[in-house]
$ cat structure06.cif   # mmCIF, C-alpha atoms
data_data
#
loop_
_atom_site.label_atom_id
_atom_site.label_comp_id
_atom_site.auth_asym_id
_atom_site.auth_seq_id
_atom_site.Cartn_x
_atom_site.Cartn_y
_atom_site.Cartn_z
CA MET Y 129 36.62 -84.54 -11.24
CA LEU Y 130 37.89 -81.34 -9.72
CA LYS Y 131 38.94 -79.96 -13.06
CA LYS Y 132 35.61 -80.81 -14.53
CA GLY Y 133 33.85 -79.20 -11.63
CA ALA Y 134 35.99 -76.16 -11.99
CA ARG Y 135 35.09 -75.85 -15.63
CA LEU Y 136 31.43 -76.10 -14.73
CA LEU Y 137 31.68 -73.43 -12.03
CA ARG Y 138 33.33 -70.91 -14.34
CA PRO Y 139 30.23 -70.22 -16.50
CA VAL Y 140 28.12 -70.00 -13.34
CA SER Y 141 30.51 -67.46 -11.82
CA LEU Y 142 30.55 -65.41 -15.03
CA SER Y 143 26.77 -65.49 -15.14
CA LEU Y 144 26.55 -64.29 -11.58
CA ALA Y 145 29.08 -61.57 -12.21
CA PHE Y 146 27.26 -60.44 -15.35
CA ALA Y 147 23.92 -60.44 -13.54
CA PHE Y 148 25.45 -58.44 -10.71
CA PHE Y 149 26.85 -55.98 -13.26
CA LEU Y 150 23.46 -55.57 -14.93
CA ASP Y 151 21.76 -55.16 -11.59
CA MET Y 152 24.21 -52.46 -10.53
CA ARG Y 153 23.87 -50.66 -13.85
CA ASN Y 154 20.08 -50.71 -13.57
CA LYS Y 155 20.30 -49.40 -10.02
CA ARG Y 156 22.64 -46.67 -11.20
CA LYS Y 157 20.17 -45.69 -13.94
CA TYR Y 158 17.37 -45.75 -11.42
CA LEU Y 159 19.29 -43.52 -9.05
CA ILE Y 160 20.20 -41.14 -11.87
CA PHE Y 161 16.62 -40.92 -13.08
CA LYS Y 162 15.42 -40.41 -9.54
CA LEU Y 163 18.08 -37.94 -8.44
CA VAL Y 164 18.10 -35.69 -11.52
CA PRO Y 165 14.51 -34.43 -11.03
CA MET Y 166 15.21 -33.97 -7.32
CA LEU Y 167 18.34 -31.94 -8.05
CA PHE Y 168 16.47 -29.90 -10.65
CA ALA Y 169 13.71 -29.14 -8.15
CA MET Y 170 16.28 -28.07 -5.58
CA VAL Y 171 17.91 -25.71 -8.08
CA LEU Y 172 14.54 -24.15 -8.89
CA ALA Y 173 13.74 -23.75 -5.21
CA LEU Y 174 17.05 -22.07 -4.53
CA SER Y 175 16.55 -19.78 -7.53
CA ALA Y 176 13.09 -18.87 -6.29
CA CYS Y 177 14.42 -18.03 -2.84
CA HIS Y 178 17.13 -15.88 -4.36
CA THR Y 179 14.58 -14.10 -6.53
CA LYS Y 180 12.35 -13.41 -3.56
CA LYS Y 181 15.22 -12.01 -1.56
CA SER Y 182 16.30 -9.84 -4.46
CA ALA Y 183 12.76 -8.58 -4.96
CA SER Y 184 12.29 -7.77 -1.30
CA ALA Y 185 15.63 -6.02 -1.23
CA THR Y 186 14.53 -3.66 -3.98
CA THR Y 187 11.03 -3.08 -2.58
CA THR Y 188 10.53 0.33 -1.07
CA HIS Y 189 9.21 0.23 2.48
CA TYR Y 190 8.15 3.25 4.44
CA PRO Y 191 9.90 3.58 7.80
CA THR Y 192 8.02 2.23 10.80
CA ARG Y 193 8.18 5.68 12.36
CA ARG Y 194 8.38 8.88 10.41
CA PRO Y 195 7.74 11.89 12.65
CA VAL Y 196 6.61 14.91 10.68
CA ARG Y 197 6.20 18.01 12.80
CA VAL Y 198 3.42 20.41 11.90
CA SER Y 199 4.46 23.87 13.06
CA ASP Y 200 2.36 25.86 15.50
CA GLU Y 201 1.68 28.39 12.75
CA TRP Y 202 0.11 25.68 10.63
CA LYS Y 203 -1.74 24.08 13.54
CA THR Y 204 -3.51 27.36 14.16
CA LEU Y 205 -3.40 28.56 10.53
CA ASN Y 206 -1.59 31.70 11.59
CA ILE Y 207 0.42 31.57 8.40
CA THR Y 208 1.31 34.26 5.90
CA LEU Y 209 -1.03 34.14 2.93
CA THR Y 210 -0.14 35.36 -0.53
CA SER Y 211 -2.27 36.91 -3.23
CA ARG Y 212 -2.59 33.47 -4.79
CA ASP Y 213 -4.16 31.93 -1.68
CA ASN Y 214 -7.91 31.70 -1.25
CA LYS Y 215 -8.26 33.73 1.93
CA LEU Y 216 -11.89 32.76 2.41
CA LEU Y 217 -10.90 29.08 2.37
CA TYR Y 218 -8.27 29.57 5.08
CA LYS Y 219 -10.58 31.76 7.16
CA GLU Y 220 -13.38 29.20 7.03
CA ILE Y 221 -11.12 26.26 7.85
CA LYS Y 222 -9.56 28.20 10.73
CA SER Y 223 -13.02 28.71 12.22
CA TRP Y 224 -13.46 24.92 12.28
CA LEU Y 225 -10.12 24.04 13.90
CA GLY Y 226 -10.59 22.14 17.13
CA ALA Y 227 -14.18 21.14 16.38
CA PRO Y 228 -14.71 17.66 17.90
CA TYR Y 229 -15.30 14.61 15.77
CA ARG Y 230 -18.78 13.19 15.65
CA TYR Y 231 -19.89 10.59 13.14
CA GLY Y 232 -22.64 12.02 10.97
CA GLY Y 233 -22.11 15.53 12.37
CA ASN Y 234 -22.27 18.73 10.31
CA THR Y 235 -21.63 21.49 12.82
CA ARG Y 236 -18.77 22.90 14.87
CA ASN Y 237 -20.20 21.04 17.85
CA GLY Y 238 -19.34 17.79 16.12
CA VAL Y 239 -18.44 16.84 12.56
CA ASP Y 240 -17.01 13.93 10.60
CA CYS Y 241 -14.59 14.08 7.67
CA SER Y 242 -17.10 14.17 4.83
CA GLY Y 243 -19.36 16.54 6.76
CA PHE Y 244 -16.44 18.93 7.20
CA VAL Y 245 -15.53 18.84 3.50
CA HIS Y 246 -19.19 19.18 2.57
CA GLN Y 247 -19.59 22.33 4.71
CA ILE Y 248 -16.36 23.92 3.44
CA TYR Y 249 -17.38 23.44 -0.19
CA LYS Y 250 -20.85 24.75 0.54
CA THR Y 251 -19.54 27.91 2.22
CA VAL Y 252 -16.38 28.68 0.23
CA TYR Y 253 -17.17 27.39 -3.25
CA LYS Y 254 -20.98 27.54 -3.12
CA GLN Y 255 -21.08 23.92 -4.26
CA LYS Y 256 -23.13 21.04 -2.94
CA ILE Y 257 -21.20 17.80 -2.98
CA GLN Y 258 -21.96 14.33 -1.69
CA ARG Y 259 -22.09 13.66 2.05
CA ASN Y 260 -19.98 10.48 1.98
CA SER Y 261 -16.24 10.29 1.29
CA ALA Y 262 -16.50 7.39 -1.17
CA LYS Y 263 -19.38 9.04 -3.01
CA ILE Y 264 -17.57 12.37 -3.17
CA PHE Y 265 -14.75 10.62 -4.98
CA GLU Y 266 -17.13 8.73 -7.26
CA LYS Y 267 -19.64 11.47 -8.06
CA ASN Y 268 -17.87 14.82 -7.66
CA CYS Y 269 -14.19 14.30 -8.47
CA ARG Y 270 -11.83 13.45 -11.24
CA MET Y 271 -8.63 11.75 -10.18
CA ILE Y 272 -5.42 13.76 -10.37
CA ASP Y 273 -1.76 13.08 -9.66
CA VAL Y 274 -0.43 14.00 -6.23
CA ASP Y 275 2.20 16.17 -7.91
CA ASP Y 276 -0.62 18.26 -9.40
CA LEU Y 277 -2.37 19.01 -6.09
CA GLU Y 278 -3.72 22.51 -5.78
CA GLU Y 279 -5.47 24.42 -3.04
CA GLY Y 280 -8.96 23.03 -2.49
CA ASP Y 281 -8.28 19.61 -4.03
CA LEU Y 282 -9.34 16.56 -2.05
CA LEU Y 283 -7.34 13.67 -0.61
CA PHE Y 284 -8.92 10.25 -0.14
CA TYR Y 285 -7.80 7.49 2.21
CA LYS Y 286 -8.63 3.88 2.96
CA THR Y 287 -8.20 3.57 6.70
CA SER Y 288 -10.34 0.55 7.57
CA LYS Y 289 -8.88 -2.90 8.16
CA LYS Y 290 -12.30 -4.49 7.67
CA ASN Y 291 -12.93 -3.41 4.06
CA ASP Y 292 -11.22 -1.88 1.05
CA ARG Y 293 -13.31 1.23 0.54
CA ILE Y 294 -12.62 4.95 0.90
CA THR Y 295 -13.26 5.95 4.50
CA HIS Y 296 -11.60 9.35 4.91
CA VAL Y 297 -11.32 12.63 3.02
CA GLY Y 298 -9.52 15.94 3.59
CA ILE Y 299 -8.94 19.27 1.83
CA TYR Y 300 -5.49 20.11 0.49
CA LEU Y 301 -4.06 23.55 1.25
CA LYS Y 302 -0.39 23.96 0.32
CA GLU Y 303 3.11 22.95 1.38
CA ASN Y 304 1.95 19.33 1.88
CA LYS Y 305 -0.65 20.38 4.45
CA PHE Y 306 -4.32 19.46 4.46
CA ALA Y 307 -7.32 20.02 6.72
CA HIS Y 308 -9.54 17.18 7.85
CA ALA Y 309 -11.74 15.93 10.67
CA SER Y 310 -9.74 13.28 12.51
CA SER Y 311 -11.72 10.67 14.42
CA SER Y 312 -9.31 11.03 17.36
CA ARG Y 313 -8.44 14.77 17.27
CA GLY Y 314 -11.30 16.54 15.55
CA VAL Y 315 -10.63 19.15 12.85
CA VAL Y 316 -6.87 19.58 12.47
CA ILE Y 317 -4.12 20.38 10.00
CA SER Y 318 -1.89 17.44 9.06
CA ASP Y 319 0.99 16.76 6.69
CA ILE Y 320 0.40 14.36 3.79
CA THR Y 321 3.93 12.96 4.18
CA GLU Y 322 3.19 11.55 7.63
CA GLU Y 323 3.63 7.79 7.67
CA TYR Y 324 -0.01 7.09 8.49
CA PHE Y 325 -1.31 9.12 5.56
CA ILE Y 326 1.27 7.69 3.17
CA ASN Y 327 0.32 4.13 4.10
CA HIS Y 328 -3.44 4.72 3.80
CA PHE Y 329 -3.48 7.09 0.82
CA TYR Y 330 -5.79 6.07 -2.02
CA ALA Y 331 -6.14 8.98 -4.45
CA ALA Y 332 -6.23 12.70 -5.00
CA GLY Y 333 -9.24 14.28 -6.65
CA ARG Y 334 -10.38 17.61 -8.02
CA VAL Y 335 -13.93 18.93 -7.89
CA GLU Y 336 -14.69 20.95 -10.99
CA ARG Y 337 -15.55 24.46 -9.85
#
$ encode --input "structure06.cif" --output "structure tokens"
Amino acid sequence: MLKKGARLLRPVSLSLAFAFFLDMRNKRKYLIFKLVPMLFAMVLALSACHTKKSASATTTHYPTRRPVRVSDEWKTLNITLTSRDNKLLYKEIKSWLGAPYRYGGNTRNGVDCSGFVHQIYKTVYKQKIQRNSAKIFEKNCRMIDVDDLEEGDLLFYKTSKKNDRITHVGIYLKENKFAHASSSRGVVISDITEEYFINHFYAAGRVER
């Protein structure tokens, strides 16, 4: 009886073992099929992170503080002019230095950036240009490269955080200096390589004269 029972149990044990083997193999396949996409996704994510880090490492960032000192001679325009300089331009701008800022103003008692540029062009170049910085760029200028800036060319800036339009304009002189009506300091001479002007620069333009 025992031998017979033993013979009967053998096929059952083999069947169980075979079923267990199949079950484990199926589970292994399931795990493989489930893990492979997960591993692939992880590899892509790591690659993306590496790419972002590499990209940011090669991106040029301006320093948080870049002090550029404008000499006293330039602040007051007591500079040596050459035969190539437009003496009338410097004389006229000098007469405006220190004029307070006033939105919509056109006089030395108060003037804004486009009003200042408008008056300089009217007096020095005998030209009537638009009375708004964005319109001056659109209607009166052709865009030029910064490396091609010449005396009397215009510099345009986007200084507003609320919109993406041109909000400021100044007149280029030479040696990286330009004259403009600052909302906080009035009519002054600044350097185009100052951090603020680098970060907000939009374009350079030339009015055909």
$ resolve_selection --input "structure06.cif" --expression "the PyMOL selection byres ((chain Y and resi 308) around 12)" --output "PyMOL selection string"
chain Y and resi 203+221-222+224-229+239-248+261+280+282-285+296-301+305-307+309-320+325
$ resolve_selection --input "structure06.cif" --expression "the PyMOL selection byres ((chain Y and resi 196) around 12)" --output "NGL selection string"
:Y and (193-195 or 197-199 or 304-305 or 318-326)
$ resolve_selection --input "structure06.cif" --expression "the PyMOL selection byres ((chain Y and resi 257) around 9)" --output "VMD selection string"
chain Y and resid 245 to 246 249 to 250 255 to 256 258 to 260 263 to 264 267 to 268 335
$ closest_residue --input "structure06.cif" --among "Y:Arg236, Y:Arg212, Y:Lys254, Y:Lys286" --to "Asn327 in chain Y" --atoms "all atoms listed in the file"
Y:Lys286
$ closest_residue --input "structure06.cif" --among "Y:Leu216, Y:Ala332, Y:Leu205, Y:Ile294" --to "Thr251 in chain Y" --atoms "all atoms listed in the file"
Y:Leu216
